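Reading through the structure tokens given below for one structure.
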Amino acid sequence: MKTLFVHGVPDTANMWSPLLPHLGLEEAQTVRLSLPGFSAPVPDGFGCTKDEYADWLIEQMAYHAGEGGQVRLVGHDWGALLTLRAASLRPDLVKSFVVANALIDGQYKGHRMARLWAMPVLGEASMASWRFMKLGEVLQKAGMPESIVDEEASAIDARMRSSILKLYRSAMGLSFSGDWVADLRNLPKKGCVIWGEHDPFVGIEVAERFEREWRYALHILRGCGHWGIVEAPEQAGAIIQAFWKSV
């Protein structure tokens, strides 16, 4: 069975490097997906909206599951949001899911930067300012491990910045409603949530609310930030392996 890893924003598939050695997986079982526009080409006609990314992920799931098969999903940040959306639309393709530091939540309206990116002109100005910032230091302060921060920061190019703006505008700055929230009732029963305790973007109360409402186990990585799942890879890996064995 294949395990699909879905990164978030502003990341690439490289972000999973610290975690993979702690999961006991063979290389042939591991698929690190690259979202279109994130160190990967953007297909013709692809508008980089949340629904297009979810449909793209479903296509990846179906391909790697094979006829009548299933996959395991591991998602972080926007990868977690897309994992939940895709799994709620095609639960038949999903053996289990693990999501970290982002959840579809009708009460959460997005962090300050997400709301800024959703606004015309101001979003472009924010992205333009990135060219003059020490992005590595910013990402590392939010919890990205030093081992990957340079490569991840260097991957943030004009294509990625454009893709990010389109994605956040399609989500109104991380304000979810309608089917994206209602369809969570269709999620597979086998799932769990991992959370960096000191996430500066999404408060731990969002994770606790998701646990109460949907009854998925919540594992807190104490002292970690937004990238806790790779900031504390041994601990996260042990949680994930124990979860996989239980299902």
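Naming works like this for the structure tokens: A, B, ... for the chains as they're shown, residue 1 at the start of each chain, ligands 1 onward in shown order.
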For this session: Would you mind writing down, as a PyMOL selection string, each residue of region 91-232 of chain A that DSSP on the backbone assigns to helix (DSSP H, G or I)?
Result: chain A and resi 91-93+112-117+122-132+135-141+146-154+158-170+179-186+204-214+228-231
Write out as an mmCIF file with N, CA and C atoms, in the first residue's frame each polymer residue whose atoms come within 9 Å of region 114-117 of chain A, counting only C-alpha atoms; drop sequence neighbours fewer than 6 positions from it.
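Done, and the output landed in selection.cif:
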data_model
loop_
_atom_site.group_PDB
_atom_site.id
_atom_site.type_symbol
_atom_site.label_atom_id
_atom_site.label_comp_id
_atom_site.auth_asym_id
_atom_site.auth_seq_id
_atom_site.Cartn_x
_atom_site.Cartn_y
_atom_site.Cartn_z
ATOM 1 N N GLY A 123 -2.287 41.588 -1.318
ATOM 2 C CA GLY A 123 -1.659 40.275 -1.401
ATOM 3 C C GLY A 123 -0.417 40.304 -2.268
ATOM 4 N N GLU A 124 -0.513 40.980 -3.410
ATOM 5 C CA GLU A 124 0.647 41.101 -4.296
ATOM 6 C C GLU A 124 1.778 41.873 -3.628
ATOM 7 N N SER A 126 2.363 42.040 -0.441
ATOM 8 C CA SER A 126 2.945 41.162 0.565
ATOM 9 C C SER A 126 3.926 40.184 -0.063
ATOM 10 N N MET A 127 3.519 39.598 -1.178
ATOM 11 C CA MET A 127 4.396 38.643 -1.858
ATOM 12 C C MET A 127 5.659 39.330 -2.398
ATOM 13 N N ILE A 164 0.089 30.597 -4.542
ATOM 14 C CA ILE A 164 -0.392 30.822 -3.183
ATOM 15 C C ILE A 164 -1.524 31.851 -3.169
ATOM 16 N N LEU A 165 -1.338 32.956 -3.882
ATOM 17 C CA LEU A 165 -2.381 33.987 -3.916
ATOM 18 C C LEU A 165 -3.684 33.440 -4.481
ATOM 19 N N LYS A 166 -3.604 32.690 -5.558
ATOM 20 C CA LYS A 166 -4.820 32.126 -6.158
ATOM 21 C C LYS A 166 -5.507 31.146 -5.213
ATOM 22 N N TYR A 168 -5.324 31.003 -1.833
ATOM 23 C CA TYR A 168 -5.945 31.653 -0.674
ATOM 24 C C TYR A 168 -7.160 32.486 -1.063
ATOM 25 N N ARG A 169 -7.156 33.038 -2.263
ATOM 26 C CA ARG A 169 -8.330 33.804 -2.685
ATOM 27 C C ARG A 169 -9.513 32.885 -2.950
ATOM 28 N N MET A 172 -11.030 32.312 0.369
ATOM 29 C CA MET A 172 -11.354 33.539 1.105
ATOM 30 C C MET A 172 -10.490 33.656 2.356
ATOM 31 N N GLY A 173 -9.211 33.345 2.189
ATOM 32 C CA GLY A 173 -8.267 33.488 3.292
ATOM 33 C C GLY A 173 -8.393 32.437 4.371
ATOM 34 N N LEU A 174 -8.820 31.246 4.024
ATOM 35 C CA LEU A 174 -9.001 30.114 4.952
ATOM 36 C C LEU A 174 -10.323 30.194 5.699
ATOM 37 N N SER A 175 -11.325 30.722 5.063
ATOM 38 C CA SER A 175 -12.670 30.772 5.631
ATOM 39 C C SER A 175 -13.503 29.709 4.932
#
For this session: Any chance you could list, as a ChimeraX atom specification, the residues in region 19-173 of chain A that come up strand (DSSP E or B) when DSSP is run on the backbone?
Result: /A:30-33,71-76,94-100
Restrict the calculation to only C-alpha atoms, then for each residue of region 33-137 of chain A with any atom at most 8 Å from an atom of region 3-21 of chain A give the closest atom pair and their distance in Å to one decimal, rows by chain and rising residue number, as a Markdown table.
| residue | atom | partner | partner_atom | distance |
| --- | --- | --- | --- | --- |
| A:Leu33 | CA | A:Val6 | CA | 5.6 |
| A:Ser34 | CA | A:Ala13 | CA | 5.4 |
| A:Leu35 | CA | A:His7 | CA | 7.5 |
| A:Phe38 | CA | A:Thr12 | CA | 5.8 |
| A:Ser39 | CA | A:Thr12 | CA | 6.4 |
| A:Met61 | CA | A:Leu4 | CA | 7.8 |
| A:Val71 | CA | A:Thr3 | CA | 5.7 |
| A:Arg72 | CA | A:Thr3 | CA | 4.6 |
| A:Leu73 | CA | A:Leu4 | CA | 4.9 |
| A:Val74 | CA | A:Phe5 | CA | 4.8 |
| A:Gly75 | CA | A:Val6 | CA | 4.6 |
| A:His76 | CA | A:His7 | CA | 5.4 |
| A:Asp77 | CA | A:Gly8 | CA | 4.6 |
| A:Trp78 | CA | A:Gly8 | CA | 4.2 |
| A:Gly79 | CA | A:Val6 | CA | 4.6 |
| A:Ala80 | CA | A:Val6 | CA | 7.2 |
| A:Thr83 | CA | A:Val6 | CA | 7.4 |
Atoms kept (N, CA and C atoms) for selection, written as an mmCIF file, in the first residue's frame:
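The file below, out27.cif, is the result:
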data_model
loop_
_atom_site.group_PDB
_atom_site.id
_atom_site.type_symbol
_atom_site.label_atom_id
_atom_site.label_comp_id
_atom_site.auth_asym_id
_atom_site.auth_seq_id
_atom_site.Cartn_x
_atom_site.Cartn_y
_atom_site.Cartn_z
ATOM 1 N N LEU A 33 4.123 13.882 -2.810
ATOM 2 C CA LEU A 33 3.475 14.644 -3.877
ATOM 3 C C LEU A 33 3.951 16.091 -3.877
ATOM 4 N N SER A 34 4.032 16.682 -5.060
ATOM 5 C CA SER A 34 4.346 18.100 -5.226
ATOM 6 C C SER A 34 3.123 18.809 -5.788
ATOM 7 N N LEU A 35 2.539 19.693 -5.018
ATOM 8 C CA LEU A 35 1.380 20.436 -5.506
ATOM 9 C C LEU A 35 1.763 21.247 -6.736
ATOM 10 N N PHE A 38 4.247 24.382 -6.880
ATOM 11 C CA PHE A 38 5.157 24.345 -5.742
ATOM 12 C C PHE A 38 6.336 23.444 -6.101
ATOM 13 N N SER A 39 7.313 24.026 -6.783
ATOM 14 C CA SER A 39 8.431 23.266 -7.359
ATOM 15 C C SER A 39 7.921 22.192 -8.310
ATOM 16 N N MET A 61 -4.601 10.019 -5.685
ATOM 17 C CA MET A 61 -5.028 8.912 -4.833
ATOM 18 C C MET A 61 -5.493 7.728 -5.660
ATOM 19 N N VAL A 71 -5.083 4.053 -0.356
ATOM 20 C CA VAL A 71 -3.821 4.678 0.042
ATOM 21 C C VAL A 71 -3.945 5.183 1.475
ATOM 22 N N ARG A 72 -2.785 5.424 2.084
ATOM 23 C CA ARG A 72 -2.742 6.165 3.340
ATOM 24 C C ARG A 72 -2.316 7.586 3.010
ATOM 25 N N LEU A 73 -2.888 8.551 3.705
ATOM 26 C CA LEU A 73 -2.594 9.958 3.463
ATOM 27 C C LEU A 73 -1.966 10.588 4.697
ATOM 28 N N VAL A 74 -0.952 11.422 4.467
ATOM 29 C CA VAL A 74 -0.348 12.230 5.525
ATOM 30 C C VAL A 74 -0.245 13.646 4.976
ATOM 31 N N GLY A 75 -0.901 14.601 5.628
ATOM 32 C CA GLY A 75 -0.905 15.970 5.116
ATOM 33 C C GLY A 75 -0.588 17.000 6.180
ATOM 34 N N HIS A 76 0.100 18.064 5.774
ATOM 35 C CA HIS A 76 0.453 19.152 6.679
ATOM 36 C C HIS A 76 0.014 20.475 6.077
ATOM 37 N N ASP A 77 -0.523 21.383 6.928
ATOM 38 C CA ASP A 77 -0.912 22.712 6.478
ATOM 39 C C ASP A 77 -1.958 22.574 5.366
ATOM 40 N N TRP A 78 -1.774 23.223 4.233
ATOM 41 C CA TRP A 78 -2.751 23.063 3.151
ATOM 42 C C TRP A 78 -2.839 21.603 2.704
ATOM 43 N N GLY A 79 -1.760 20.857 2.842
ATOM 44 C CA GLY A 79 -1.827 19.433 2.538
ATOM 45 C C GLY A 79 -2.808 18.711 3.443
ATOM 46 N N ALA A 80 -2.939 19.180 4.688
ATOM 47 C CA ALA A 80 -3.922 18.609 5.609
ATOM 48 C C ALA A 80 -5.340 18.975 5.176
ATOM 49 N N THR A 83 -6.124 16.972 2.147
ATOM 50 C CA THR A 83 -6.315 15.577 2.552
ATOM 51 C C THR A 83 -7.727 15.365 3.086
#
For this session: Could you tell me which of A:Leu187, A:Ile229, A:Ala118, A:Cys48 comes closest to Ala86 (chain A) if we count only C-alpha atoms?
Result: A:Leu187
Problem set entry | Test item: residues at most 12 Å from region 143-149 of chain A, only C-alpha atoms, excluding those fewer than 2 positions along its chain, as a ChimeraX atom specification | /A:9-19,101,134-141,151-156,195-201,221,223-233
Please, could you write that set of residues out with C-alpha atoms as a PDB file, in the first residue's frame?
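What landed in result.pdb:
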ATOM      1  CA  VAL A   9       2.220  26.394   1.947  1.00  0.00           C
ATOM      2  CA  PRO A  10       4.862  27.646   1.309  1.00  0.00           C
ATOM      3  CA  ASP A  11       6.495  24.225   1.179  1.00  0.00           C
ATOM      4  CA  THR A  12       7.644  21.565  -1.244  1.00  0.00           C
ATOM      5  CA  ALA A  13       7.748  17.781  -1.105  1.00  0.00           C
ATOM      6  CA  ASN A  14      11.207  18.125   0.444  1.00  0.00           C
ATOM      7  CA  MET A  15       9.636  19.163   3.755  1.00  0.00           C
ATOM      8  CA  TRP A  16       9.002  15.503   4.629  1.00  0.00           C
ATOM      9  CA  SER A  17      12.704  14.605   4.630  1.00  0.00           C
ATOM     10  CA  PRO A  18      13.171  14.750   8.443  1.00  0.00           C
ATOM     11  CA  LEU A  19      10.118  12.544   9.109  1.00  0.00           C
ATOM     12  CA  ASN A 101      -1.517  21.826  11.924  1.00  0.00           C
ATOM     13  CA  LYS A 134      15.272  36.611   5.042  1.00  0.00           C
ATOM     14  CA  LEU A 135      12.602  33.969   4.497  1.00  0.00           C
ATOM     15  CA  GLY A 136      14.677  31.216   6.032  1.00  0.00           C
ATOM     16  CA  GLU A 137      14.775  33.047   9.345  1.00  0.00           C
ATOM     17  CA  VAL A 138      11.025  33.714   9.212  1.00  0.00           C
ATOM     18  CA  LEU A 139      10.207  30.077   8.505  1.00  0.00           C
ATOM     19  CA  GLN A 140      12.593  28.769  11.124  1.00  0.00           C
ATOM     20  CA  LYS A 141      11.083  31.066  13.758  1.00  0.00           C
ATOM     21  CA  GLU A 151      16.050  24.514   0.537  1.00  0.00           C
ATOM     22  CA  GLU A 152      12.433  25.318   1.297  1.00  0.00           C
ATOM     23  CA  ALA A 153      13.034  29.088   1.372  1.00  0.00           C
ATOM     24  CA  SER A 154      14.964  28.997  -1.901  1.00  0.00           C
ATOM     25  CA  ALA A 155      12.052  27.206  -3.610  1.00  0.00           C
ATOM     26  CA  ILE A 156       9.673  30.148  -3.074  1.00  0.00           C
ATOM     27  CA  TRP A 195      -0.404  19.333  16.347  1.00  0.00           C
ATOM     28  CA  GLY A 196       2.577  21.530  17.145  1.00  0.00           C
ATOM     29  CA  GLU A 197       1.580  23.144  20.427  1.00  0.00           C
ATOM     30  CA  HIS A 198       2.831  26.663  19.663  1.00  0.00           C
ATOM     31  CA  ASP A 199       1.597  27.083  16.099  1.00  0.00           C
ATOM     32  CA  PRO A 200       1.598  30.862  15.421  1.00  0.00           C
ATOM     33  CA  PHE A 201      -0.882  30.515  12.566  1.00  0.00           C
ATOM     34  CA  LEU A 221       3.767  17.906  20.132  1.00  0.00           C
ATOM     35  CA  GLY A 223       7.129  22.876  22.538  1.00  0.00           C
ATOM     36  CA  CYS A 224       6.797  22.647  18.737  1.00  0.00           C
ATOM     37  CA  GLY A 225       5.528  25.170  16.190  1.00  0.00           C
ATOM     38  CA  HIS A 226       3.648  25.000  12.920  1.00  0.00           C
ATOM     39  CA  TRP A 227       6.016  22.418  11.407  1.00  0.00           C
ATOM     40  CA  GLY A 228       5.943  20.203  14.487  1.00  0.00           C
ATOM     41  CA  ILE A 229       5.483  17.007  12.487  1.00  0.00           C
ATOM     42  CA  VAL A 230       8.976  17.461  11.041  1.00  0.00           C
ATOM     43  CA  GLU A 231      10.386  19.558  13.882  1.00  0.00           C
ATOM     44  CA  ALA A 232      10.003  16.563  16.242  1.00  0.00           C
ATOM     45  CA  PRO A 233      10.256  13.747  13.668  1.00  0.00           C
TER      46      PRO A 233
END
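Taking CA of Trp180 (chain A) as the reference point, CA of Met113 (chain A) is found at 21.4 Å.
Shortest separation to Phe210 (chain A) among A:Ser170, A:Gln107, A:Asn186, A:Ser163 occurs at residue A:Gln107, atoms counted being only C-alpha atoms.
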Problem set entry | Non-local contacts of Ser96 (chain A) (12 Å; only C-alpha atoms; under 6 positions in same chain excluded) as a PyMOL selection string | chain A and resi 1-4+70-75+83-84+87-88+90+187-193+216+240-241+243-247
